[in-house]
Amino acid sequence: MNFAIVIDNYAEAGVVDSVKEDMQDFMEMPNYYRVFGRPILPYFEHPWRWGSTKLPSWRARDGRRPYIIGTYSQHQDGPLPEGFDSLFFWHTPDMSWLETYYSSTDLPLKVGSVFHGWREAYADRKHMPPYWGFLQPTIDLAQRHKPYFAQLTTWNDYTEGTMFEPSWLANVSAPSACADPRKSMWHSETKSCAQIFGKAVFNGGGLLPP
């Protein structure tokens with residue numbers, strides 16, 4: 001199976017240099033994902049923290065420059081910024097925005113975005129209202145537009161409700177927080193997971209440790 005590493009500069013503006021040697025090690029592997037002969041470098045950007053995104057000045061050990069795929073939400077207006085080779089799409093409940101990405105003539109390579117939705121379970125903050133039920137619509141769009149490859153878009157899976165695999169979760173250190181990923185993420189300030197779903201849900205009817 002081929003793979004690639006996504007880098008994220010939320011915590012460090014110059015992370016692309018800090019991980020240089022590790023990325024070069026990964027890019028040397030025979031199953032690191034490449035396009036047009038170049039190893040890809042998807043880049044989740046946070047320009048609101050750092051300003052312009054710092055791009056790598058280094059190359060893979062075979063001498064090729066990484067194929068840099070930036071974040072569409074940060075560069076959706078106008079032509080592709082200098083230094084980037086393309087852009088990838090993340091999450092949205094707005095399918096027309098995803099359609100706009102697929103239809104863009106400014107991007108030489110499209111990355112399909114396939115996701116269930118979003119419902120975060122943070123106790124102390126909420127980034128956006130939850131949305132759910134987008135797996136089939138995003139698959140349909142990817143099949144129709146035929147991107148170069150597709151990304152199963154998930155990050156901070158269970159805390160942000162972007163996971164694909166079904167599971168029951170109970171937070172034993174904070175019993176007021178719980179989740180049922182089949183119905184998206186759930187957070188209650190007043191009821192425990194057991195009160196909401198029933199104690200047997202979390203111990204297999206007494207077969208599993210509490």
# chains A, B, ... in the order shown; residues from 1 in each chain; ligands from 1
$ residues_around --residues "range 55-69 of chain A" --least-positions-apart "3" --cutoff "7 Å" --atoms "only C-alpha atoms" --output "list in words"
Val16, Asp17, Gln24, Met27, Glu28, Arg38, Pro39, Ile40, Leu41, Pro42, Tyr43, Phe84, Asp85, Ser86, Leu87 and Phe88 of chain A
$ closest_atom_pairs --of "range 20-95 of chain A" --to "range 128-131 of chain A" --cutoff "12 Å" --atoms "only C-alpha atoms" --output "tab-separated table"
residue	atom	partner	partner_atom	distance
A:His91	CA	A:Tyr131	CA	10.1
A:Thr92	CA	A:Tyr131	CA	8.4
A:Pro93	CA	A:Tyr131	CA	6.2
A:Asp94	CA	A:Tyr131	CA	9.9
A:Met95	CA	A:Tyr131	CA	11.9
$ write_last_selection --atoms "all heavy atoms" --output "short mmCIF file (atom, residue, chain, number, x, y, z; two decimals), in the first residue's frame"
data_model
loop_
_atom_site.label_atom_id
_atom_site.label_comp_id
_atom_site.auth_asym_id
_atom_site.auth_seq_id
_atom_site.Cartn_x
_atom_site.Cartn_y
_atom_site.Cartn_z
N HIS A 91 -12.99 19.71 4.75
CA HIS A 91 -14.37 19.39 5.13
C HIS A 91 -15.31 20.54 4.87
O HIS A 91 -14.92 21.71 4.94
CB HIS A 91 -14.41 19.11 6.64
CG HIS A 91 -14.42 17.67 7.00
ND1 HIS A 91 -15.56 17.01 7.41
CD2 HIS A 91 -13.46 16.73 7.01
CE1 HIS A 91 -15.28 15.75 7.67
NE2 HIS A 91 -14.00 15.56 7.44
N THR A 92 -16.59 20.23 4.65
CA THR A 92 -17.62 21.25 4.57
C THR A 92 -18.99 20.59 4.48
O THR A 92 -19.10 19.49 3.92
CB THR A 92 -17.43 22.15 3.33
OG1 THR A 92 -18.43 23.18 3.33
CG2 THR A 92 -17.57 21.35 2.04
N PRO A 93 -20.03 21.23 5.01
CA PRO A 93 -21.39 20.75 4.74
C PRO A 93 -21.94 21.35 3.45
O PRO A 93 -23.06 21.05 3.05
CB PRO A 93 -22.17 21.26 5.96
CG PRO A 93 -21.46 22.51 6.36
CD PRO A 93 -19.99 22.27 6.04
N ASP A 94 -21.16 22.20 2.80
CA ASP A 94 -21.58 22.91 1.59
C ASP A 94 -21.06 22.17 0.35
O ASP A 94 -19.92 22.36 -0.07
CB ASP A 94 -21.05 24.35 1.63
CG ASP A 94 -21.48 25.17 0.44
OD1 ASP A 94 -22.17 24.64 -0.46
OD2 ASP A 94 -21.13 26.37 0.39
N MET A 95 -21.89 21.32 -0.21
CA MET A 95 -21.46 20.54 -1.36
C MET A 95 -21.20 21.40 -2.59
O MET A 95 -20.42 21.02 -3.47
CB MET A 95 -22.50 19.47 -1.69
CG MET A 95 -22.61 18.35 -0.67
SD MET A 95 -21.10 17.31 -0.54
CE MET A 95 -20.27 18.10 0.86
#
$ closest_residue --among "A:Tyr10, A:Asp106, A:Leu98, A:Thr162" --to "Ala142 in chain A" --atoms "only C-alpha atoms"
A:Leu98
$ atom_distance --atom1 "CA of Ser113 in chain A" --atom2 "CA of Gly133 in chain A"
14.2 Å
$ select_by_dssp --residues "range 9-194 of chain A" --states "strand (DSSP E)" --output "number ranges by chain"
A: 34-35, 38-44, 67-71, 86-88, 111-114, 149-152, 169-170, 178-179
$ write_last_selection --atoms "N, CA, C and O atoms" --output "short mmCIF file (atom, residue, chain, number, x, y, z; two decimals), in the first residue's frame"
data_model
loop_
_atom_site.label_atom_id
_atom_site.label_comp_id
_atom_site.auth_asym_id
_atom_site.auth_seq_id
_atom_site.Cartn_x
_atom_site.Cartn_y
_atom_site.Cartn_z
N ARG A 34 3.69 9.08 -5.05
CA ARG A 34 4.25 10.08 -5.96
C ARG A 34 3.26 10.41 -7.07
O ARG A 34 2.44 9.57 -7.46
N VAL A 35 3.35 11.63 -7.55
CA VAL A 35 2.62 12.02 -8.75
C VAL A 35 3.63 12.66 -9.70
O VAL A 35 4.51 13.41 -9.28
N ARG A 38 7.17 12.71 -8.60
CA ARG A 38 7.59 13.49 -7.43
C ARG A 38 6.82 13.07 -6.18
O ARG A 38 5.61 12.82 -6.24
N PRO A 39 7.48 12.98 -5.03
CA PRO A 39 6.79 12.62 -3.78
C PRO A 39 5.85 13.74 -3.35
O PRO A 39 6.23 14.92 -3.37
N ILE A 40 4.63 13.39 -2.97
CA ILE A 40 3.69 14.45 -2.61
C ILE A 40 3.92 14.91 -1.17
O ILE A 40 4.39 14.16 -0.31
N LEU A 41 3.59 16.17 -0.93
CA LEU A 41 3.67 16.75 0.41
C LEU A 41 2.40 17.57 0.65
O LEU A 41 2.36 18.77 0.40
N PRO A 42 1.33 16.91 1.12
CA PRO A 42 0.12 17.66 1.48
C PRO A 42 0.40 18.54 2.69
O PRO A 42 1.07 18.11 3.64
N TYR A 43 -0.11 19.76 2.66
CA TYR A 43 0.26 20.76 3.66
C TYR A 43 -1.00 21.41 4.22
O TYR A 43 -1.66 22.18 3.52
N PHE A 44 -1.34 21.08 5.48
CA PHE A 44 -2.49 21.72 6.13
C PHE A 44 -2.01 23.04 6.74
O PHE A 44 -1.21 23.04 7.67
N TYR A 67 6.10 17.45 -4.40
CA TYR A 67 4.90 17.98 -5.06
C TYR A 67 4.00 18.52 -3.94
O TYR A 67 3.35 17.77 -3.22
N ILE A 68 3.98 19.83 -3.79
CA ILE A 68 3.35 20.46 -2.63
C ILE A 68 1.88 20.73 -2.91
O ILE A 68 1.53 21.46 -3.84
N ILE A 69 1.03 20.13 -2.08
CA ILE A 69 -0.42 20.28 -2.21
C ILE A 69 -0.93 21.05 -1.00
O ILE A 69 -1.01 20.51 0.11
N GLY A 70 -1.21 22.32 -1.17
CA GLY A 70 -1.65 23.18 -0.08
C GLY A 70 -3.13 23.03 0.23
O GLY A 70 -3.82 22.16 -0.30
N THR A 71 -3.63 23.92 1.08
CA THR A 71 -4.99 23.85 1.59
C THR A 71 -5.90 24.79 0.80
O THR A 71 -5.71 26.00 0.82
N SER A 86 -0.49 22.20 -6.25
CA SER A 86 -1.94 22.06 -6.30
C SER A 86 -2.48 22.30 -4.89
O SER A 86 -1.72 22.67 -3.98
N LEU A 87 -3.78 22.08 -4.71
CA LEU A 87 -4.44 22.29 -3.43
C LEU A 87 -5.40 21.14 -3.17
O LEU A 87 -5.97 20.56 -4.09
N PHE A 88 -5.58 20.79 -1.88
CA PHE A 88 -6.56 19.75 -1.54
C PHE A 88 -7.71 20.36 -0.75
O PHE A 88 -7.57 21.41 -0.12
N VAL A 111 -7.57 16.60 -5.68
CA VAL A 111 -7.57 15.56 -4.65
C VAL A 111 -9.01 15.39 -4.18
O VAL A 111 -9.59 16.33 -3.63
N GLY A 112 -9.58 14.23 -4.39
CA GLY A 112 -10.95 14.02 -3.95
C GLY A 112 -11.07 14.07 -2.44
O GLY A 112 -10.15 13.68 -1.72
N SER A 113 -12.20 14.57 -1.96
CA SER A 113 -12.44 14.63 -0.51
C SER A 113 -13.68 13.81 -0.19
O SER A 113 -14.78 14.11 -0.66
N VAL A 114 -13.49 12.75 0.61
CA VAL A 114 -14.57 11.85 1.00
C VAL A 114 -14.67 11.87 2.51
O VAL A 114 -13.67 11.62 3.20
N PHE A 149 -6.47 11.42 -7.18
CA PHE A 149 -6.66 10.44 -6.11
C PHE A 149 -7.63 11.05 -5.12
O PHE A 149 -7.96 12.23 -5.20
N ALA A 150 -8.13 10.25 -4.21
CA ALA A 150 -9.11 10.73 -3.22
C ALA A 150 -8.57 10.54 -1.82
O ALA A 150 -7.86 9.57 -1.53
N GLN A 151 -8.90 11.46 -0.96
CA GLN A 151 -8.49 11.42 0.45
C GLN A 151 -9.71 11.10 1.31
O GLN A 151 -10.76 11.71 1.13
N LEU A 152 -9.57 10.12 2.21
CA LEU A 152 -10.59 9.90 3.23
C LEU A 152 -10.31 10.91 4.33
O LEU A 152 -9.38 10.76 5.12
N LEU A 169 -17.75 5.10 22.47
CA LEU A 169 -16.71 5.69 23.32
C LEU A 169 -17.30 6.13 24.65
O LEU A 169 -18.39 6.68 24.70
N ALA A 170 -16.55 5.94 25.71
CA ALA A 170 -16.90 6.49 27.01
C ALA A 170 -15.66 7.11 27.59
O ALA A 170 -14.60 6.49 27.61
N CYS A 178 -19.35 11.91 26.13
CA CYS A 178 -19.44 10.60 25.52
C CYS A 178 -19.82 10.75 24.06
O CYS A 178 -20.14 11.83 23.59
N ALA A 179 -19.77 9.62 23.35
CA ALA A 179 -19.98 9.71 21.91
C ALA A 179 -20.56 8.41 21.37
O ALA A 179 -20.23 7.34 21.83
#
$ residues_around --residues "Lys54 in chain A" --least-positions-apart "5" --cutoff "10 Å" --atoms "only C-alpha atoms" --output "ChimeraX atom specification"
/A:9,13-17,45,47,83
$ atom_distance --atom1 "CA of Gly51 in chain A" --atom2 "CA of Pro81 in chain A"
13.7 Å
$ atom_distance --atom1 "CA of Tyr102 in chain A" --atom2 "CA of Gly37 in chain A"
23.0 Å
